[in-house]
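my_file_18.cif (mmCIF, C-alpha atoms and all ligand atoms; chains and numbers go by the auth columns) appears below.
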data_work
#
loop_
_atom_site.group_PDB
_atom_site.id
_atom_site.type_symbol
_atom_site.label_atom_id
_atom_site.label_comp_id
_atom_site.label_asym_id
_atom_site.label_seq_id
_atom_site.Cartn_x
_atom_site.Cartn_y
_atom_site.Cartn_z
_atom_site.B_iso_or_equiv
_atom_site.auth_seq_id
_atom_site.auth_asym_id
ATOM 1 C CA MET A 1 -13.503 14.917 -4.188 0.00 256 A
ATOM 2 C CA ALA A 2 -9.784 15.771 -4.104 0.00 257 A
ATOM 3 C CA MET A 3 -8.097 13.549 -1.561 0.00 258 A
ATOM 4 C CA SER A 4 -4.564 12.248 -1.718 0.00 259 A
ATOM 5 C CA PRO A 5 -4.593 8.657 -2.994 0.00 260 A
ATOM 6 C CA LEU A 6 -4.587 5.985 -0.323 0.00 261 A
ATOM 7 C CA LEU A 7 -2.993 2.615 -1.045 0.00 262 A
ATOM 8 C CA ILE A 8 -3.610 -0.248 1.360 0.00 263 A
ATOM 9 C CA ALA A 9 -1.656 -3.491 0.996 0.00 264 A
ATOM 10 C CA ASN A 10 -3.600 -6.464 2.333 0.00 265 A
ATOM 11 C CA TRP A 11 -1.157 -9.281 2.963 0.00 266 A
ATOM 12 C CA LYS A 12 -3.798 -11.733 4.185 0.00 267 A
ATOM 13 C CA MET A 13 -2.206 -14.879 5.714 0.00 268 A
ATOM 14 C CA TYR A 14 1.079 -14.409 3.837 0.00 269 A
ATOM 15 C CA LYS A 15 4.584 -13.599 5.066 0.00 270 A
ATOM 16 C CA THR A 16 6.241 -14.670 8.284 0.00 271 A
ATOM 17 C CA VAL A 17 7.095 -12.152 10.990 0.00 272 A
ATOM 18 C CA GLU A 18 10.678 -12.123 9.770 0.00 273 A
ATOM 19 C CA GLU A 19 9.654 -11.578 6.137 0.00 274 A
ATOM 20 C CA SER A 20 7.301 -8.764 7.142 0.00 275 A
ATOM 21 C CA ALA A 21 9.946 -7.059 9.283 0.00 276 A
ATOM 22 C CA SER A 22 12.490 -7.336 6.513 0.00 277 A
ATOM 23 C CA PHE A 23 9.994 -5.775 4.049 0.00 278 A
ATOM 24 C CA ALA A 24 9.532 -2.874 6.479 0.00 279 A
ATOM 25 C CA ARG A 25 13.297 -2.485 6.759 0.00 280 A
ATOM 26 C CA LEU A 26 13.806 -2.406 2.979 0.00 281 A
ATOM 27 C CA LEU A 27 10.811 -0.257 2.063 0.00 282 A
ATOM 28 C CA GLY A 28 12.106 3.067 3.427 0.00 283 A
ATOM 29 C CA PRO A 29 15.284 3.145 1.322 0.00 284 A
ATOM 30 C CA ARG A 30 13.291 2.233 -1.814 0.00 285 A
ATOM 31 C CA LEU A 31 10.924 5.185 -1.318 0.00 286 A
ATOM 32 C CA GLU A 32 13.468 7.652 -0.066 0.00 287 A
ATOM 33 C CA GLY A 33 14.089 10.787 -2.067 0.00 288 A
ATOM 34 C CA TRP A 34 11.028 10.689 -4.325 0.00 289 A
ATOM 35 C CA TRP A 35 7.947 9.548 -2.399 0.00 290 A
ATOM 36 C CA LYS A 36 5.798 12.385 -1.093 0.00 291 A
ATOM 37 C CA PRO A 37 3.852 10.806 1.765 0.00 292 A
ATOM 38 C CA GLN A 38 1.468 13.733 2.049 0.00 293 A
ATOM 39 C CA ALA A 39 0.565 13.177 -1.620 0.00 294 A
ATOM 40 C CA VAL A 40 0.222 9.363 -1.587 0.00 295 A
ATOM 41 C CA ARG A 41 -0.659 7.625 1.655 0.00 296 A
ATOM 42 C CA LEU A 42 0.611 4.092 2.130 0.00 297 A
ATOM 43 C CA VAL A 43 -0.734 1.531 4.576 0.00 298 A
ATOM 44 C CA ILE A 44 0.333 -2.095 5.033 0.00 299 A
ATOM 45 C CA ALA A 45 -1.893 -4.705 6.631 0.00 300 A
ATOM 46 C CA PRO A 46 0.326 -7.657 7.613 0.00 301 A
ATOM 47 C CA THR A 47 -0.775 -10.563 9.770 0.00 302 A
ATOM 48 C CA SER A 48 -1.468 -9.381 13.312 0.00 303 A
ATOM 49 C CA LEU A 49 1.569 -11.318 14.503 0.00 304 A
ATOM 50 C CA ALA A 50 3.845 -9.097 12.423 0.00 305 A
ATOM 51 C CA LEU A 51 2.401 -5.718 13.455 0.00 306 A
ATOM 52 C CA PHE A 52 4.712 -5.152 16.387 0.00 307 A
ATOM 53 C CA ALA A 53 7.866 -6.122 14.515 0.00 308 A
ATOM 54 C CA MET A 54 6.962 -3.949 11.540 0.00 309 A
ATOM 55 C CA ALA A 55 6.058 -1.008 13.764 0.00 310 A
ATOM 56 C CA ARG A 56 9.512 -1.135 15.300 0.00 311 A
ATOM 57 C CA HIS A 57 11.065 -0.685 11.868 0.00 312 A
ATOM 58 C CA LEU A 58 8.620 1.880 10.558 0.00 313 A
ATOM 59 C CA GLY A 59 8.662 3.953 13.747 0.00 314 A
ATOM 60 C CA ASP A 60 6.854 7.272 13.467 0.00 315 A
ATOM 61 C CA GLY A 61 7.450 7.327 9.712 0.00 316 A
ATOM 62 C CA PRO A 62 4.744 7.863 7.123 0.00 317 A
ATOM 63 C CA VAL A 63 3.984 4.206 6.324 0.00 318 A
ATOM 64 C CA ALA A 64 1.020 3.243 8.502 0.00 319 A
ATOM 65 C CA LEU A 65 -0.029 -0.232 9.598 0.00 320 A
ATOM 66 C CA ALA A 66 -3.461 -1.796 9.541 0.00 321 A
ATOM 67 C CA ALA A 67 -4.851 -4.950 11.090 0.00 322 A
ATOM 68 C CA GLN A 68 -6.906 -7.271 8.892 0.00 323 A
ATOM 69 C CA ASN A 69 -9.639 -7.894 11.448 0.00 324 A
ATOM 70 C CA LEU A 70 -10.519 -7.301 15.091 0.00 325 A
ATOM 71 C CA GLU A 71 -12.761 -8.956 17.612 0.00 326 A
ATOM 72 C CA LEU A 72 -15.280 -7.082 19.737 0.00 327 A
ATOM 73 C CA GLY A 73 -14.516 -5.806 23.206 0.00 328 A
ATOM 74 C CA ARG A 74 -11.384 -4.694 24.963 0.00 329 A
ATOM 75 C CA GLU A 75 -10.241 -7.687 26.968 0.00 330 A
ATOM 76 C CA GLY A 76 -11.824 -10.776 28.410 0.00 331 A
ATOM 77 C CA ALA A 77 -12.155 -14.523 28.294 0.00 332 A
ATOM 78 C CA PHE A 78 -12.277 -14.821 24.489 0.00 333 A
ATOM 79 C CA THR A 79 -9.734 -17.441 23.601 0.00 334 A
ATOM 80 C CA GLY A 80 -7.856 -16.630 20.434 0.00 335 A
ATOM 81 C CA ALA A 81 -9.351 -13.158 20.005 0.00 336 A
ATOM 82 C CA LEU A 82 -7.497 -9.895 19.381 0.00 337 A
ATOM 83 C CA SER A 83 -9.237 -6.656 20.328 0.00 338 A
ATOM 84 C CA GLY A 84 -8.778 -3.300 18.658 0.00 339 A
ATOM 85 C CA TYR A 85 -6.922 -2.092 21.743 0.00 340 A
ATOM 86 C CA LEU A 86 -4.351 -4.861 21.445 0.00 341 A
ATOM 87 C CA LEU A 87 -3.942 -4.225 17.724 0.00 342 A
ATOM 88 C CA HIS A 88 -3.538 -0.498 18.316 0.00 343 A
ATOM 89 C CA GLU A 89 -0.906 -1.153 20.933 0.00 344 A
ATOM 90 C CA ALA A 90 0.909 -3.441 18.508 0.00 345 A
ATOM 91 C CA GLY A 91 1.110 -0.596 15.967 0.00 346 A
ATOM 92 C CA ALA A 92 -2.085 -0.706 13.886 0.00 347 A
ATOM 93 C CA ARG A 93 -3.793 2.606 13.130 0.00 348 A
ATOM 94 C CA LEU A 94 -6.411 1.219 10.752 0.00 349 A
ATOM 95 C CA VAL A 95 -8.279 -2.055 10.575 0.00 350 A
ATOM 96 C CA ILE A 96 -9.863 -3.825 7.614 0.00 351 A
ATOM 97 C CA ILE A 97 -13.397 -4.869 8.480 0.00 352 A
ATOM 98 C CA GLY A 98 -15.850 -7.043 6.577 0.00 353 A
ATOM 99 C CA HIS A 99 -13.455 -8.270 3.895 0.00 354 A
ATOM 100 C CA SER A 100 -15.332 -10.712 1.682 0.00 355 A
ATOM 101 C CA GLU A 101 -13.049 -13.516 2.887 0.00 356 A
ATOM 102 C CA ARG A 102 -14.168 -12.816 6.459 0.00 357 A
ATOM 103 C CA ARG A 103 -17.796 -12.631 5.389 0.00 358 A
ATOM 104 C CA ARG A 104 -17.454 -15.891 3.474 0.00 359 A
ATOM 105 C CA TYR A 105 -15.161 -18.080 5.602 0.00 360 A
ATOM 106 C CA PHE A 106 -15.924 -16.634 9.039 0.00 361 A
ATOM 107 C CA ALA A 107 -19.631 -15.962 8.526 0.00 362 A
ATOM 108 C CA GLU A 108 -19.399 -12.258 9.287 0.00 363 A
ATOM 109 C CA THR A 109 -22.756 -10.530 8.855 0.00 364 A
ATOM 110 C CA ASP A 110 -23.558 -6.887 8.113 0.00 365 A
ATOM 111 C CA GLY A 111 -24.618 -6.519 11.766 0.00 366 A
ATOM 112 C CA LEU A 112 -21.308 -7.856 13.065 0.00 367 A
ATOM 113 C CA VAL A 113 -19.405 -5.645 10.620 0.00 368 A
ATOM 114 C CA ALA A 114 -21.261 -2.627 12.017 0.00 369 A
ATOM 115 C CA GLU A 115 -20.387 -3.674 15.590 0.00 370 A
ATOM 116 C CA LYS A 116 -16.761 -4.079 14.591 0.00 371 A
ATOM 117 C CA VAL A 117 -16.763 -0.577 13.135 0.00 372 A
ATOM 118 C CA ASP A 118 -17.827 0.743 16.551 0.00 373 A
ATOM 119 C CA ALA A 119 -15.151 -1.381 18.215 0.00 374 A
ATOM 120 C CA ALA A 120 -12.543 0.087 15.872 0.00 375 A
ATOM 121 C CA TRP A 121 -13.571 3.644 16.707 0.00 376 A
ATOM 122 C CA ASN A 122 -13.529 2.838 20.423 0.00 377 A
ATOM 123 C CA ALA A 123 -9.958 1.600 20.067 0.00 378 A
ATOM 124 C CA GLY A 124 -8.812 4.637 18.093 0.00 379 A
ATOM 125 C CA LEU A 125 -8.550 2.734 14.817 0.00 380 A
ATOM 126 C CA THR A 126 -9.820 3.834 11.407 0.00 381 A
ATOM 127 C CA PRO A 127 -12.113 1.149 9.988 0.00 382 A
ATOM 128 C CA VAL A 128 -11.635 0.225 6.339 0.00 383 A
ATOM 129 C CA VAL A 129 -14.994 -1.320 5.544 0.00 384 A
ATOM 130 C CA CYS A 130 -15.101 -3.673 2.568 0.00 385 A
ATOM 131 C CA VAL A 131 -18.257 -4.089 0.541 0.00 386 A
ATOM 132 C CA GLY A 132 -18.929 -5.813 -2.755 0.00 387 A
ATOM 133 C CA GLU A 133 -21.227 -8.096 -4.650 0.00 388 A
ATOM 134 C CA THR A 134 -20.655 -11.715 -5.646 0.00 389 A
ATOM 135 C CA GLU A 135 -20.677 -12.730 -9.290 0.00 390 A
ATOM 136 C CA ALA A 136 -24.177 -14.180 -8.978 0.00 391 A
ATOM 137 C CA GLU A 137 -25.436 -10.967 -7.388 0.00 392 A
ATOM 138 C CA ARG A 138 -23.863 -8.927 -10.166 0.00 393 A
ATOM 139 C CA ASP A 139 -25.309 -11.158 -12.873 0.00 394 A
ATOM 140 C CA SER A 140 -28.785 -10.830 -11.414 0.00 395 A
ATOM 141 C CA GLY A 141 -28.552 -7.040 -11.284 0.00 396 A
ATOM 142 C CA GLN A 142 -28.338 -6.778 -7.500 0.00 397 A
ATOM 143 C CA THR A 143 -25.044 -4.921 -7.138 0.00 398 A
ATOM 144 C CA GLU A 144 -26.534 -1.648 -5.920 0.00 399 A
ATOM 145 C CA ALA A 145 -28.969 -3.330 -3.547 0.00 400 A
ATOM 146 C CA VAL A 146 -26.176 -5.424 -2.026 0.00 401 A
ATOM 147 C CA LEU A 147 -23.933 -2.415 -1.534 0.00 402 A
ATOM 148 C CA LYS A 148 -26.770 -0.413 -0.026 0.00 403 A
ATOM 149 C CA ARG A 149 -27.543 -3.217 2.416 0.00 404 A
ATOM 150 C CA GLN A 150 -23.891 -3.644 3.388 0.00 405 A
ATOM 151 C CA LEU A 151 -23.313 0.072 3.836 0.00 406 A
ATOM 152 C CA SER A 152 -26.559 1.150 5.448 0.00 407 A
ATOM 153 C CA ALA A 153 -25.674 -0.415 8.811 0.00 408 A
ATOM 154 C CA ILE A 154 -22.598 1.794 8.888 0.00 409 A
ATOM 155 C CA LEU A 155 -23.760 4.969 7.210 0.00 410 A
ATOM 156 C CA THR A 156 -26.773 5.368 9.490 0.00 411 A
ATOM 157 C CA LYS A 157 -24.555 5.562 12.568 0.00 412 A
ATOM 158 C CA PRO A 158 -23.898 8.973 14.109 0.00 413 A
ATOM 159 C CA ARG A 159 -20.385 9.894 13.123 0.00 414 A
ATOM 160 C CA ASP A 160 -18.367 12.927 14.023 0.00 415 A
ATOM 161 C CA ASP A 161 -14.854 14.039 13.149 0.00 416 A
ATOM 162 C CA ASP A 162 -13.164 11.652 15.548 0.00 417 A
ATOM 163 C CA LYS A 163 -14.727 8.682 13.757 0.00 418 A
ATOM 164 C CA PRO A 164 -12.808 8.401 10.503 0.00 419 A
ATOM 165 C CA LEU A 165 -13.945 5.914 7.902 0.00 420 A
ATOM 166 C CA VAL A 166 -12.595 4.358 4.715 0.00 421 A
ATOM 167 C CA ILE A 167 -14.775 2.349 2.335 0.00 422 A
ATOM 168 C CA ALA A 168 -13.371 -0.205 -0.085 0.00 423 A
ATOM 169 C CA TYR A 169 -15.537 -1.366 -2.968 0.00 424 A
ATOM 170 C CA GLU A 170 -14.330 -4.871 -3.745 0.00 425 A
ATOM 171 C CA PRO A 171 -16.414 -6.954 -6.137 0.00 426 A
ATOM 172 C CA VAL A 172 -15.990 -10.458 -4.723 0.00 427 A
ATOM 173 C CA TRP A 173 -15.490 -11.991 -8.180 0.00 428 A
ATOM 174 C CA ALA A 174 -12.491 -9.707 -8.797 0.00 429 A
ATOM 175 C CA ILE A 175 -10.581 -10.530 -5.609 0.00 430 A
ATOM 176 C CA GLY A 176 -7.541 -12.686 -6.216 0.00 431 A
ATOM 177 C CA THR A 177 -8.860 -13.828 -9.586 0.00 432 A
ATOM 178 C CA GLY A 178 -7.014 -11.571 -12.006 0.00 433 A
ATOM 179 C CA ARG A 179 -10.434 -10.459 -13.287 0.00 434 A
ATOM 180 C CA VAL A 180 -10.491 -6.704 -12.911 0.00 435 A
ATOM 181 C CA ALA A 181 -13.725 -4.733 -12.857 0.00 436 A
ATOM 182 C CA LYS A 182 -14.206 -2.328 -15.766 0.00 437 A
ATOM 183 C CA THR A 183 -13.129 1.172 -14.794 0.00 438 A
ATOM 184 C CA GLU A 184 -16.378 2.643 -16.099 0.00 439 A
ATOM 185 C CA ASP A 185 -18.404 0.265 -13.903 0.00 440 A
ATOM 186 C CA VAL A 186 -16.282 1.110 -10.862 0.00 441 A
ATOM 187 C CA GLY A 187 -16.638 4.811 -11.670 0.00 442 A
ATOM 188 C CA GLN A 188 -20.414 4.533 -11.765 0.00 443 A
ATOM 189 C CA ILE A 189 -20.628 2.503 -8.549 0.00 444 A
ATOM 190 C CA ALA A 190 -18.206 4.838 -6.778 0.00 445 A
ATOM 191 C CA HIS A 191 -20.349 7.779 -7.864 0.00 446 A
ATOM 192 C CA THR A 192 -23.448 6.146 -6.404 0.00 447 A
ATOM 193 C CA VAL A 193 -21.682 5.349 -3.126 0.00 448 A
ATOM 194 C CA ARG A 194 -20.370 8.911 -3.003 0.00 449 A
ATOM 195 C CA GLN A 195 -23.959 10.174 -3.334 0.00 450 A
ATOM 196 C CA TRP A 196 -25.081 7.949 -0.444 0.00 451 A
ATOM 197 C CA LEU A 197 -22.183 9.291 1.598 0.00 452 A
ATOM 198 C CA SER A 198 -23.208 12.852 0.862 0.00 453 A
ATOM 199 C CA THR A 199 -26.588 12.246 2.487 0.00 454 A
ATOM 200 C CA SER A 200 -25.210 10.218 5.406 0.00 455 A
ATOM 201 C CA GLN A 201 -24.348 11.609 8.800 0.00 456 A
ATOM 202 C CA GLY A 202 -20.843 12.723 9.586 0.00 457 A
ATOM 203 C CA PRO A 203 -17.790 13.901 7.648 0.00 458 A
ATOM 204 C CA LYS A 204 -18.065 13.464 3.897 0.00 459 A
ATOM 205 C CA ASP A 205 -14.360 13.162 3.154 0.00 460 A
ATOM 206 C CA VAL A 206 -14.467 9.361 3.267 0.00 461 A
ATOM 207 C CA PRO A 207 -11.798 7.820 1.033 0.00 462 A
ATOM 208 C CA LEU A 208 -13.424 5.404 -1.375 0.00 463 A
ATOM 209 C CA LEU A 209 -11.092 2.661 -2.586 0.00 464 A
ATOM 210 C CA TYR A 210 -11.385 0.067 -5.318 0.00 465 A
ATOM 211 C CA GLY A 211 -10.072 -3.442 -4.678 0.00 466 A
ATOM 212 C CA GLY A 212 -9.939 -6.517 -6.894 0.00 467 A
ATOM 213 C CA SER A 213 -6.852 -7.673 -8.803 0.00 468 A
ATOM 214 C CA VAL A 214 -5.282 -4.214 -8.792 0.00 469 A
ATOM 215 C CA ASN A 215 -1.678 -4.111 -9.997 0.00 470 A
ATOM 216 C CA PRO A 216 0.769 -1.425 -11.119 0.00 471 A
ATOM 217 C CA ASP A 217 -0.548 -1.640 -14.707 0.00 472 A
ATOM 218 C CA ASN A 218 -4.225 -1.071 -13.983 0.00 473 A
ATOM 219 C CA LEU A 219 -4.028 1.113 -10.859 0.00 474 A
ATOM 220 C CA GLY A 220 -3.763 4.406 -12.755 0.00 475 A
ATOM 221 C CA GLY A 221 -7.087 3.835 -14.515 0.00 476 A
ATOM 222 C CA PHE A 222 -8.906 3.509 -11.201 0.00 477 A
ATOM 223 C CA LEU A 223 -7.150 6.463 -9.599 0.00 478 A
ATOM 224 C CA ARG A 224 -8.203 8.683 -12.481 0.00 479 A
ATOM 225 C CA LEU A 225 -11.875 8.104 -11.615 0.00 480 A
ATOM 226 C CA PRO A 226 -13.215 11.216 -9.861 0.00 481 A
ATOM 227 C CA ASP A 227 -14.917 9.304 -7.032 0.00 482 A
ATOM 228 C CA VAL A 228 -12.137 6.789 -6.360 0.00 483 A
ATOM 229 C CA ASN A 229 -9.448 7.809 -3.876 0.00 484 A
ATOM 230 C CA GLY A 230 -7.194 4.787 -3.772 0.00 485 A
ATOM 231 C CA ALA A 231 -6.935 1.021 -3.832 0.00 486 A
ATOM 232 C CA LEU A 232 -6.942 -1.987 -1.552 0.00 487 A
ATOM 233 C CA VAL A 233 -4.447 -4.413 -3.031 0.00 488 A
ATOM 234 C CA GLY A 234 -3.831 -8.042 -2.180 0.00 489 A
ATOM 235 C CA GLY A 235 -1.570 -10.169 -4.397 0.00 490 A
ATOM 236 C CA ALA A 236 0.295 -7.344 -6.132 0.00 491 A
ATOM 237 C CA SER A 237 1.277 -5.848 -2.783 0.00 492 A
ATOM 238 C CA LEU A 238 3.277 -8.866 -1.649 0.00 493 A
ATOM 239 C CA THR A 239 6.496 -7.782 -3.327 0.00 494 A
ATOM 240 C CA LEU A 240 8.554 -4.716 -2.615 0.00 495 A
ATOM 241 C CA GLU A 241 8.669 -4.026 -6.366 0.00 496 A
ATOM 242 C CA GLY A 242 4.873 -4.146 -6.552 0.00 497 A
ATOM 243 C CA VAL A 243 4.374 -1.693 -3.696 0.00 498 A
ATOM 244 C CA VAL A 244 7.051 0.703 -4.912 0.00 499 A
ATOM 245 C CA ALA A 245 5.616 0.614 -8.453 0.00 500 A
ATOM 246 C CA MET A 246 2.100 1.329 -7.189 0.00 501 A
ATOM 247 C CA VAL A 247 3.246 4.262 -5.051 0.00 502 A
ATOM 248 C CA ARG A 248 4.991 5.610 -8.147 0.00 503 A
ATOM 249 C CA VAL A 249 1.889 5.195 -10.309 0.00 504 A
ATOM 250 C CA ALA A 250 -0.274 6.911 -7.659 0.00 505 A
ATOM 251 C CA GLN A 251 2.153 9.773 -7.342 0.00 506 A
ATOM 252 C CA GLU A 252 2.176 10.262 -11.108 0.00 507 A
ATOM 253 C CA GLN A 253 -1.603 10.765 -11.062 0.00 508 A
ATOM 254 C CA ILE A 254 -1.463 13.919 -8.967 0.00 509 A
HETATM 255 C C1 LIG B . -7.937 -7.974 -1.333 0.00 601 A
HETATM 256 O O1 LIG B . -7.298 -8.776 -0.664 0.00 601 A
HETATM 257 O O2 LIG B . -8.724 -7.200 -0.795 0.00 601 A
HETATM 258 C C2 LIG B . -7.736 -7.965 -2.766 0.00 601 A
HETATM 259 C C3 LIG B . -8.368 -7.068 -3.477 0.00 601 A
HETATM 260 O O3 LIG B . -6.897 -8.927 -3.296 0.00 601 A
HETATM 261 P P1 LIG B . -6.316 -8.959 -4.802 0.00 601 A
HETATM 262 O O4 LIG B . -5.703 -7.598 -5.056 0.00 601 A
HETATM 263 O O5 LIG B . -5.319 -10.047 -4.799 0.00 601 A
HETATM 264 O O6 LIG B . -7.466 -9.191 -5.702 0.00 601 A
#

The structure in this file should be written as structure tokens.
Ligand code: PEP
Amino acid sequence: MAMSPLLIANWKMYKTVEESASFARLLGPRLEGWWKPQAVRLVIAPTSLALFAMARHLGDGPVALAAQNLELGREGAFTGALSGYLLHEAGARLVIIGHSERRRYFAETDGLVAEKVDAAWNAGLTPVVCVGETEAERDSGQTEAVLKRQLSAILTKPRDDDKPLVIAYEPVWAIGTGRVAKTEDVGQIAHTVRQWLSTSQGPKDVPLLYGGSVNPDNLGGFLRLPDVNGALVGGASLTLEGVVAMVRVAQEQI
């Protein structure tokens, strides 16, 4: 499905507010004159603390911001929680949901991920839902079953045009490890997920991203896969050089 490549930088718990703001300040000039934002979409997911400061620098420009998580509800007595509404007000337009680190360290279940997807839509945010198998699940041949389980809670929901969705396939064993999934394996899994999407309710133009040790050298191989529409990138997105190089690689693919 022809969709302009979408690159999402997941900064996790890295970079201070000042470092994030300075990145936002420096990014524009580095992309100016050659980046075609309608051809390659770029999203940065800093810590929630840095959203507001980055939004002030990025303004209404083409670089969008994402939150890395949200909590359910709008407001209330939930100490420490940040709702989608607050994140939207701070500048986020997308939100990563169900990242394997949240599933693992914060015990997020498929049911909670599905509730968070609804919360994102209610707040006007595009959910970027992460799915992926662990190494043990892969080795025991369960990859497809795991992905089906993780996605079914979301794909069975009624979804119309005002409920945009992004799916990121991120094999857990490839995240932050330098071990990249084989492009042919990703291509086959993406094809299967694309088939599930075609029979699900709602718009079919769901960008399907690959994530897991992506860098400027291997990105092109994933973007050339017919069912992959972009990448969710952690470590390699922490430097300005890394982001600029990946935008360049993505733009060269089209
Ligand atoms: C991620 O944070 O989702 C990720 C894929 O990280 P990395 O690119 O570092 O593997």

Residues within 7 Å of ligand LIG 601 (chain A), counting all atoms listed in the file: report them as a PDB file with C-alpha atoms, in the frame of the given file.
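New file pocket06.pdb:
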ATOM      1  CA  ASN A 265      -3.600  -6.464   2.333  1.00  0.00           C
ATOM      2  CA  LYS A 267      -3.798 -11.733   4.185  1.00  0.00           C
ATOM      3  CA  HIS A 354     -13.455  -8.270   3.895  1.00  0.00           C
ATOM      4  CA  GLU A 425     -14.330  -4.871  -3.745  1.00  0.00           C
ATOM      5  CA  ALA A 429     -12.491  -9.707  -8.797  1.00  0.00           C
ATOM      6  CA  ILE A 430     -10.581 -10.530  -5.609  1.00  0.00           C
ATOM      7  CA  GLY A 431      -7.541 -12.686  -6.216  1.00  0.00           C
ATOM      8  CA  THR A 432      -8.860 -13.828  -9.586  1.00  0.00           C
ATOM      9  CA  GLY A 433      -7.014 -11.571 -12.006  1.00  0.00           C
ATOM     10  CA  GLY A 466     -10.072  -3.442  -4.678  1.00  0.00           C
ATOM     11  CA  GLY A 467      -9.939  -6.517  -6.894  1.00  0.00           C
ATOM     12  CA  SER A 468      -6.852  -7.673  -8.803  1.00  0.00           C
ATOM     13  CA  VAL A 469      -5.282  -4.214  -8.792  1.00  0.00           C
ATOM     14  CA  LEU A 487      -6.942  -1.987  -1.552  1.00  0.00           C
ATOM     15  CA  VAL A 488      -4.447  -4.413  -3.031  1.00  0.00           C
ATOM     16  CA  GLY A 489      -3.831  -8.042  -2.180  1.00  0.00           C
ATOM     17  CA  GLY A 490      -1.570 -10.169  -4.397  1.00  0.00           C
ATOM     18  CA  ALA A 491       0.295  -7.344  -6.132  1.00  0.00           C
TER      19      ALA A 491
END

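Between atom CA of A:Ala374 and atom CA of A:Glu388 lies a distance of 24.6 Å.
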
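Residue selection for this entry, given the PyMOL selection byres (((chain A and resi 396-401) around 9) and not hetatm), comprises Val386, Gly387, Glu388, Thr389, Ala391, Glu392, Arg393, Asp394, Ser395, Leu402, Lys403, Arg404, Gln405, Leu406, Pro426, Ile444, Thr447 and Val448 of chain A.
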
Check: With distances taken over only C-alpha atoms, which of A:Ala408, A:Leu493, A:Ala310, A:Ala445 is nearest to A:Gly366?
Finding: A:Ala408

Suppose a student applies the PyMOL selection byres (((chain A and resi 320) around 12) and not hetatm) to this structure; what residues should they get, written as a short mmCIF file (atom, residue, chain, number, x, y, z; two decimals) with C-alpha atoms, in the frame of the given file?
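Saved the output as part25.cif:
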data_model
loop_
_atom_site.label_atom_id
_atom_site.label_comp_id
_atom_site.auth_asym_id
_atom_site.auth_seq_id
_atom_site.Cartn_x
_atom_site.Cartn_y
_atom_site.Cartn_z
CA LEU A 262 -2.99 2.62 -1.04
CA ILE A 263 -3.61 -0.25 1.36
CA ALA A 264 -1.66 -3.49 1.00
CA ASN A 265 -3.60 -6.46 2.33
CA TRP A 266 -1.16 -9.28 2.96
CA SER A 275 7.30 -8.76 7.14
CA ALA A 279 9.53 -2.87 6.48
CA ARG A 296 -0.66 7.62 1.66
CA LEU A 297 0.61 4.09 2.13
CA VAL A 298 -0.73 1.53 4.58
CA ILE A 299 0.33 -2.10 5.03
CA ALA A 300 -1.89 -4.70 6.63
CA PRO A 301 0.33 -7.66 7.61
CA THR A 302 -0.78 -10.56 9.77
CA SER A 303 -1.47 -9.38 13.31
CA ALA A 305 3.84 -9.10 12.42
CA LEU A 306 2.40 -5.72 13.46
CA PHE A 307 4.71 -5.15 16.39
CA ALA A 308 7.87 -6.12 14.52
CA MET A 309 6.96 -3.95 11.54
CA ALA A 310 6.06 -1.01 13.76
CA ARG A 311 9.51 -1.14 15.30
CA HIS A 312 11.06 -0.68 11.87
CA LEU A 313 8.62 1.88 10.56
CA GLY A 314 8.66 3.95 13.75
CA ASP A 315 6.85 7.27 13.47
CA GLY A 316 7.45 7.33 9.71
CA PRO A 317 4.74 7.86 7.12
CA VAL A 318 3.98 4.21 6.32
CA ALA A 319 1.02 3.24 8.50
CA ALA A 321 -3.46 -1.80 9.54
CA ALA A 322 -4.85 -4.95 11.09
CA GLN A 323 -6.91 -7.27 8.89
CA LEU A 342 -3.94 -4.22 17.72
CA HIS A 343 -3.54 -0.50 18.32
CA GLU A 344 -0.91 -1.15 20.93
CA ALA A 345 0.91 -3.44 18.51
CA GLY A 346 1.11 -0.60 15.97
CA ALA A 347 -2.08 -0.71 13.89
CA ARG A 348 -3.79 2.61 13.13
CA LEU A 349 -6.41 1.22 10.75
CA VAL A 350 -8.28 -2.06 10.58
CA ILE A 351 -9.86 -3.82 7.61
CA LEU A 380 -8.55 2.73 14.82
CA THR A 381 -9.82 3.83 11.41
#

Note to self: I'd like the neighbourhood of A:Leu480 as an MDAnalysis selection string, where a residue qualifies if any of its atoms comes within 10 Å (using only C-alpha atoms), though same-chain residues fewer than 6 positions away should be ignored.
What the structure shows: chainID A and resid 438:439 441:443 445:446

Next item on the list: Carefully work through the PyMOL selection byres (((chain A and resi 257) around 9) and not hetatm) for this structure and note down the residues it includes, as number ranges by chain.
Entry: A: 256, 258-260, 460, 481-482, 484

Dump C-alpha atoms for the selected residues as a CSV table (one decimal), in the frame of the given file?
chain,number,residue,atom,x,y,z
A,256,MET,CA,-13.5,14.9,-4.2
A,258,MET,CA,-8.1,13.5,-1.6
A,259,SER,CA,-4.6,12.2,-1.7
A,260,PRO,CA,-4.6,8.7,-3.0
A,460,ASP,CA,-14.4,13.2,3.2
A,481,PRO,CA,-13.2,11.2,-9.9
A,482,ASP,CA,-14.9,9.3,-7.0
A,484,ASN,CA,-9.4,7.8,-3.9

Next item on the list: Would you please work out which residue, of A:Glu496, A:Glu370, A:Met501, A:Asp416, is nearest to A:Leu478 when using only C-alpha atoms?
Entry: A:Met501

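As for atom CA of A:Leu325 and atom CA of A:Gly339, they are spaced 5.6 Å apart.
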
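Comparing A:Ala369, A:Ala375, A:Ile509, A:Val498 by their smallest distance to A:Gly475, the closest is A:Ile509 (using all atoms listed in the file).
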
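Taking atom CA of A:Leu261 as the reference point, atom CA of A:Leu337 is found at 25.5 Å.
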
How big is the axis-aligned box around the listed atoms of stretch 295-308 of chain A once 5 Å is added on each side, and where is its centre? Give both in Å to one decimal, as JSON.
{"center_x": 3.0, "center_y": -1.0, "center_z": 7.4, "size_x": 19.8, "size_y": 30.7, "size_z": 28.0}
